[in-house]
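Below: the structure, in structure tokens.
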Amino acid sequence: MPISLVSYPQSQSSKSKLINRAGLLITVLMGGLTFLLWAFLNRPDMEPPWPSTIQGFCFSPMRGAQTPMQGDFPSIAEIDEDLALLSGEAYAVRTYTVESTLADVAQLAGAHQLNVMLGAWINQDKEANKKEIEKLIRIFRENHDHVVRVIVGNETLLRGEQTVEQMIAHLKRVRKSVWAPVSLAEPWHIWLQYPELVKEVDFIAVHILPYWEGISVDKAVDYVVFRYEQLKAAYPDKRIVIAEVGWPSNGRTRKEARATLASQAKFLRRFLALAEREGYTYYVMEAFDQLWKRKLEGEAGTNWGVYNIDREPKFAFTAPVVRIPGWQGLVAISIGLTVLLLAVMFRDSSGLMARGRGFLALVAYAITTFAVWMVWEYSRQYLTPATLAVGVMLFIAALGVIIVLLAEAHELAEAAWMHPWRNRSRPVAVPGGQLPMVSVHVPAYNEPPEMMIQTLDALAALRYPRFEVLVIDNNTKDEAVWRPVQAHCEKLGAHFRFFHVDPLSGFKAGALNFALRQIDPSAEIVAVIDSDYLVNPDWLRDMVPYFSDPEMGIVQAPQDYRDAGQSAFKAMCMAEYRGFFHIGMITRNERNAIIQHGTMTLVRHRVLTEVGGWGEWCITEDAELGLRIFEQGHKATYIPQSYGKGLMPDNFADFKKQRFRWAYGAVLILRQHLTLLLGLEPSRLTWGQRYHFIAGWLPWLADGFNLVFNLGALIWSVSMLLWPQWVAPPNILFALLPLSLFLFKVLKMLFLYRRRVAATLRQSLAAGLAGLSLSHTIARAMLTGFVTRRIGFFRTPKHASSSALLRSLLDAREELLMLIALSLAIAGLYLVREDSDMLDIQVWSWVLVVQGIPYAAAVLVALISALPKLPARVVGAMR
């Protein structure tokens, strides 16, 4: 009687067409909703029109890289060109200094019928102040017909560069020599703080800039009026001139104040309408964007201009105000990118339910919308080579986060909403006489003999007619360890054969290749288990019939463990392991792309020989063998049923060593097979297999790059503390991505553990904590794998002693140091920086908090592993 398989029916052509139509409908609907969302967020606001001519502009005519801080001033021709542009747009301009070519502004302005509020720059340099004042007086006298006011010093008291007495002396000196009204320019609170100043000026020149004080744009005009009236009430006999009033179009968010183009347009158009009604005298801050102010005031300092550095208006003066001008083009790009993305994601998803497709569409549209917005937002900056380089690096990092997020979303959708599972098959009953010969291989190195004897006894109880067991003990030095196992094999009979080989190279793969040379010639199937596994008597009887498919190369059962109830630590490990075997392996099986494991695995002997046996060069020889088998076009299947249980690592150090080996091996496999995985070399890999092998290891690769990110974040944070005036936190948009990825992964884990692993909330949290505790270990393994090709094989000890408390902390010393460093950085941001209440500082602090969670998890799990008597019920043992 031949062995046959009963398979679930494949999708029919009509069903595929129906599913394709459903996918198209979901894509179109989500696209429409995306358009409506953009339209809602960018609905036009009707604002008062810009006056035909305003009272005055603050005038700094530097262009491009020109900066007065280095004595680099514009030419006379450039200044004249700027004044010509402002002629007719304003009645006056305000200057800040008479240094270099700026001394000619007064004369040039007169030629364009512009009045001037002439300014002198006062600082701590006594001799420079003297020369500046003398020059101010001379220029006034030469141009007194259109110099209507004189300003001696700009925010000099605010900067603390002169005392009140010194400034009064400067004022007296100038007032004796000019006959125009004289004052000094300071923020409103300086005038209220020093009433003695008011007696020495002809008018109050006040700066009222709500943005710097964190006032929202909707309250900003009322705030200007409030401060104006406050000064008016304090000094009713003095005329008030608003010497600076404005709003930046870009920069950091200060409390409720957001520096956007729309906010700038709203504030200025509202203020100008009120100023015209109330008869205010004012100077809009400022005419042109000034790149040189970035070093003084950050990104906001460069963006106060009504005109950009190319002398073009930055916003519409009369049309309705929208948040993102030209948003229709951006939404078209977003929808186009999403359609392309969903065409790939829906390409092989005939079993994905509508809910899964809708979820993927939602995630894809959200990600592409955010990405387009992020690029647009960052591109609004004036990009220097430095900011461009930083932007490119941040964009590459953001792209990596987006790719990982999409891969995680795809796995969630398929794990939660795939129906029916396409690649599920089950064999019919087969008479025992027709079952092929199986050779079971048990590699061992320095394993406890009592444990191995239990393993062999379980194998002896297999209900299978034709099998042999080969035990290969390689390189164990102590005869007291391997002799009892040899004796027990002899006791079990001729089909149990024991080999002690010393020396033997190649680690576990070397032992398995040695076993292949000793195999019974009639064996058609090779089975491998670890030396600690107690197998189910029906393991071979249930699994071997799958090989009736001539293309079947691998049949894999999950790894499982029998000691989860011993302690809270092992219960956490068990919960963490089950996620991969009940979620990841299930979804990979749909595209014939499972990860082969070195235990509970069956391989067709002929296929194993054809691909060259086990790879002794690779520390994860099992996964590498599976990929080579796929490259030759063979099939594999995963049976999500436990047929054997082994032992977990006894302490956190061994838990880390095991995961380091798995992650390090993954990098070596990617490096060795990358051209095949990318399709650059011919193979019989399907695109689904390529996807799963690359996407499946993406989270581990992300951990590796995350370590680099964390080190960079620490360096950046220290720089923010050492040079707060020069180094700002990263752009909020880029900072939001790691926060979003972390939150998504947490929610995904909790959702799928409840849905696919049947875990309680406590068990799910325990699994998450155990998984996070390995993040640093995986990161080190991945980075090490990029620069090395071979390290020693890490054996996972069995029946090892649990670590003492101090030993456990030492096992997590790197994680503890990183946790301390991140904690100090967070504390420093709040204790050292004066702008710690700003949104970007707070968001960056939360990024550091999230980045510290895996390190805290490692320390906590290490401590739990040092408490072997802490019962498993604390986390809820999984069975």
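Quick note on naming: the chains in the structure tokens go A, B, ... in the order shown, residues restart at 1 in each chain, and ligands are numbered from 1 in order of appearance.
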
Distance query Leu362 (chain A) at most 10 Å, only C-alpha atoms, self and fewer than 2 positions along chain excluded, as number ranges by chain: A: 26-27, 30-31, 33-34, 338, 356-360, 364-367

Could you write out, as a VMD selection string, all the residues of region 502-715 of chain A that DSSP marks as strand (DSSP E)? chain A and resid 523 to 528 534 to 535 552 to 556 601 to 604 635 to 638 644 to 645

Restrict the selected residues to N, CA, C and O atoms and save them as a short mmCIF file (atom, residue, chain, number, x, y, z; two decimals), in the first residue's frame.
```
data_model
loop_
_atom_site.label_atom_id
_atom_site.label_comp_id
_atom_site.auth_asym_id
_atom_site.auth_seq_id
_atom_site.Cartn_x
_atom_site.Cartn_y
_atom_site.Cartn_z
N ALA A 523 19.42 3.09 5.24
CA ALA A 523 18.68 4.20 5.86
C ALA A 523 18.31 5.24 4.81
O ALA A 523 19.17 5.75 4.09
N GLU A 524 17.04 5.54 4.70
CA GLU A 524 16.56 6.56 3.78
C GLU A 524 16.36 7.91 4.46
O GLU A 524 16.37 8.94 3.79
N ILE A 525 16.17 7.88 5.77
CA ILE A 525 15.88 9.10 6.52
C ILE A 525 16.92 9.23 7.64
O ILE A 525 17.23 8.26 8.33
N VAL A 526 17.41 10.45 7.85
CA VAL A 526 18.30 10.75 8.97
C VAL A 526 17.53 11.65 9.93
O VAL A 526 17.00 12.69 9.55
N ALA A 527 17.50 11.23 11.19
CA ALA A 527 16.85 12.02 12.24
C ALA A 527 17.91 12.49 13.23
O ALA A 527 18.87 11.76 13.52
N VAL A 528 17.75 13.69 13.73
CA VAL A 528 18.72 14.26 14.68
C VAL A 528 17.98 14.81 15.88
O VAL A 528 16.97 15.51 15.74
N LEU A 534 13.85 13.88 25.36
CA LEU A 534 13.05 12.67 25.58
C LEU A 534 11.94 12.68 24.53
O LEU A 534 11.04 13.51 24.58
N VAL A 535 12.04 11.76 23.58
CA VAL A 535 11.12 11.79 22.45
C VAL A 535 9.85 11.02 22.74
O VAL A 535 9.84 10.07 23.55
N MET A 552 10.00 16.10 -0.82
CA MET A 552 10.17 16.47 0.58
C MET A 552 11.60 16.18 1.02
O MET A 552 12.08 15.06 0.91
N GLY A 553 12.28 17.23 1.53
CA GLY A 553 13.64 17.06 2.00
C GLY A 553 13.77 17.10 3.50
O GLY A 553 14.65 16.46 4.08
N ILE A 554 12.88 17.86 4.18
CA ILE A 554 12.97 18.06 5.63
C ILE A 554 11.58 17.96 6.23
O ILE A 554 10.62 18.51 5.69
N VAL A 555 11.49 17.29 7.35
CA VAL A 555 10.29 17.31 8.18
C VAL A 555 10.73 17.72 9.58
O VAL A 555 11.59 17.07 10.18
N GLN A 556 10.15 18.81 10.07
CA GLN A 556 10.63 19.42 11.32
C GLN A 556 9.50 19.49 12.34
O GLN A 556 8.38 19.88 12.03
N THR A 601 14.49 17.00 14.04
CA THR A 601 14.45 17.20 12.59
C THR A 601 14.72 15.89 11.87
O THR A 601 15.52 15.06 12.34
N LEU A 602 14.07 15.70 10.73
CA LEU A 602 14.27 14.55 9.86
C LEU A 602 14.66 15.05 8.48
O LEU A 602 14.04 15.98 7.96
N VAL A 603 15.69 14.43 7.89
CA VAL A 603 16.19 14.83 6.58
C VAL A 603 16.29 13.58 5.70
O VAL A 603 16.74 12.52 6.16
N ARG A 604 15.90 13.73 4.45
CA ARG A 604 16.09 12.63 3.53
C ARG A 604 17.58 12.42 3.30
O ARG A 604 18.31 13.36 2.98
N LYS A 635 11.52 20.47 -0.79
CA LYS A 635 10.49 20.99 0.09
C LYS A 635 10.78 20.63 1.53
O LYS A 635 11.57 19.74 1.84
N ALA A 636 10.11 21.36 2.43
CA ALA A 636 10.17 21.06 3.86
C ALA A 636 8.79 21.30 4.44
O ALA A 636 7.99 22.04 3.86
N THR A 637 8.52 20.67 5.54
CA THR A 637 7.25 20.91 6.21
C THR A 637 7.48 20.97 7.70
O THR A 637 8.39 20.32 8.24
N TYR A 638 6.65 21.76 8.35
CA TYR A 638 6.75 21.95 9.80
C TYR A 638 5.47 21.42 10.42
O TYR A 638 4.36 21.80 10.03
N GLY A 644 8.92 15.78 21.38
CA GLY A 644 10.06 15.55 22.24
C GLY A 644 10.36 16.79 23.06
O GLY A 644 10.09 17.92 22.62
N LYS A 645 10.91 16.58 24.26
CA LYS A 645 11.19 17.70 25.14
C LYS A 645 12.60 17.60 25.69
O LYS A 645 13.01 16.52 26.13
#
```

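CA of Cys573 (chain A) is positioned 8.2 Å from CA of Ala766 (chain A).
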
Could you find all residues in region 489-523 of chain A that DSSP calls alpha helix (DSSP H) from the backbone, and write them as a PyMOL selection string? chain A and resi 489-492+507-517

Spatial neighbours of Met585 (chain A), max dist 9 Å, only C-alpha atoms, sep filter under 6 positions, as JSON, numbers by chain: {"A": [558, 593, 594, 595, 638, 640]}

Compile the contact shell of Leu291 (chain A) as a PyMOL selection string: residues with an atom at most 10 Å away, counting only C-alpha atoms, same-chain residues fewer than 3 positions apart removed. chain A and resi 62-67+288+294-295+298-303+308-309+382-384

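Distance annotation: of A:Ile629, A:Ala564, A:Met285, A:Val442, the residue with the minimal separation from Met648 (chain A) is A:Ala564; atom set is only C-alpha atoms.
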
Please provide the set of residues having any atom within 9 Å of region 458-475 of chain A, restricted to only C-alpha atoms, with same-chain residues fewer than 2 positions apart removed, written as a VMD selection string. chain A and resid 432 to 433 435 to 447 453 to 456 477 482 485 to 486 489 492 494 to 505 507 to 508 510 to 512 514 to 515 518 to 520 523 531 533 to 541

What does the distance between CA of Leu272 (chain A) and CA of Val147 (chain A) come to in Å, to one decimal place? 23.0 Å

Test item: residues at most 9 Å from Leu805 (chain A), only C-alpha atoms, excluding those fewer than 4 positions along its chain, as a compact mmCIF listing (two decimals) with N, CA, C and O atoms, in the first residue's frame:
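File result-v1.txt, as written:
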```
# COMPACT_ATOMS: atom_id res chain seq x y z
N LEU A 809 24.70 39.36 38.02
CA LEU A 809 24.91 40.75 37.63
C LEU A 809 26.15 40.90 36.75
O LEU A 809 26.16 41.70 35.81
N LEU A 810 27.17 40.12 37.05
CA LEU A 810 28.36 40.14 36.19
C LEU A 810 28.03 39.61 34.80
O LEU A 810 28.59 40.08 33.80
N ALA A 862 18.52 38.52 34.64
CA ALA A 862 19.71 37.97 35.28
C ALA A 862 19.49 37.75 36.77
O ALA A 862 19.89 36.72 37.34
N LEU A 863 18.85 38.71 37.41
CA LEU A 863 18.56 38.58 38.85
C LEU A 863 17.57 37.44 39.10
O LEU A 863 17.71 36.68 40.07
N ILE A 864 16.56 37.33 38.23
CA ILE A 864 15.59 36.24 38.39
C ILE A 864 16.26 34.89 38.23
O ILE A 864 15.95 33.93 38.95
N SER A 865 17.22 34.80 37.30
CA SER A 865 17.91 33.52 37.09
C SER A 865 18.75 33.12 38.29
O SER A 865 19.07 31.95 38.47
N ALA A 866 19.13 34.11 39.11
CA ALA A 866 19.92 33.83 40.31
C ALA A 866 19.05 33.36 41.47
O ALA A 866 19.56 33.10 42.56
N LEU A 867 17.73 33.28 41.23
CA LEU A 867 16.80 32.86 42.28
C LEU A 867 16.10 31.58 41.83
O LEU A 867 14.93 31.59 41.45
```

Could you list, with a cut-off of 12 Å and counting only C-alpha atoms, the residues of region 191-263 of chain A near region 325-329 of chain A, each shown with its nearest atom pair and the distance in Å rounded to one decimal, rows sorted by chain and ascending number, as a tab-separated table?
```
residue	atom	partner	partner_atom	distance
A:Thr260	CA	A:Pro325	CA	11.3
A:Leu261	CA	A:Pro325	CA	9.0
A:Ala262	CA	A:Pro325	CA	8.7
```

Would you save the residues of that selection, restricted to all heavy atoms, as a tab-separated table (two decimals), in the first residue's frame?
```
chain	number	residue	atom	x	y	z
A	260	THR	N	6.02	76.61	12.20
A	260	THR	CA	5.64	76.09	10.88
A	260	THR	C	5.33	77.27	9.97
A	260	THR	O	5.08	78.40	10.42
A	260	THR	CB	4.41	75.19	10.96
A	260	THR	OG1	3.26	75.97	11.33
A	260	THR	CG2	4.60	74.07	11.99
A	261	LEU	N	5.32	76.99	8.69
A	261	LEU	CA	5.00	78.03	7.72
A	261	LEU	C	3.58	78.54	7.92
A	261	LEU	O	3.32	79.74	7.82
A	261	LEU	CB	5.18	77.45	6.31
A	261	LEU	CG	5.31	78.45	5.16
A	261	LEU	CD1	6.50	79.36	5.37
A	261	LEU	CD2	5.42	77.70	3.84
A	262	ALA	N	2.67	77.62	8.20
A	262	ALA	CA	1.28	78.03	8.41
A	262	ALA	C	1.15	78.90	9.65
A	262	ALA	O	0.41	79.89	9.67
A	262	ALA	CB	0.39	76.79	8.53
```
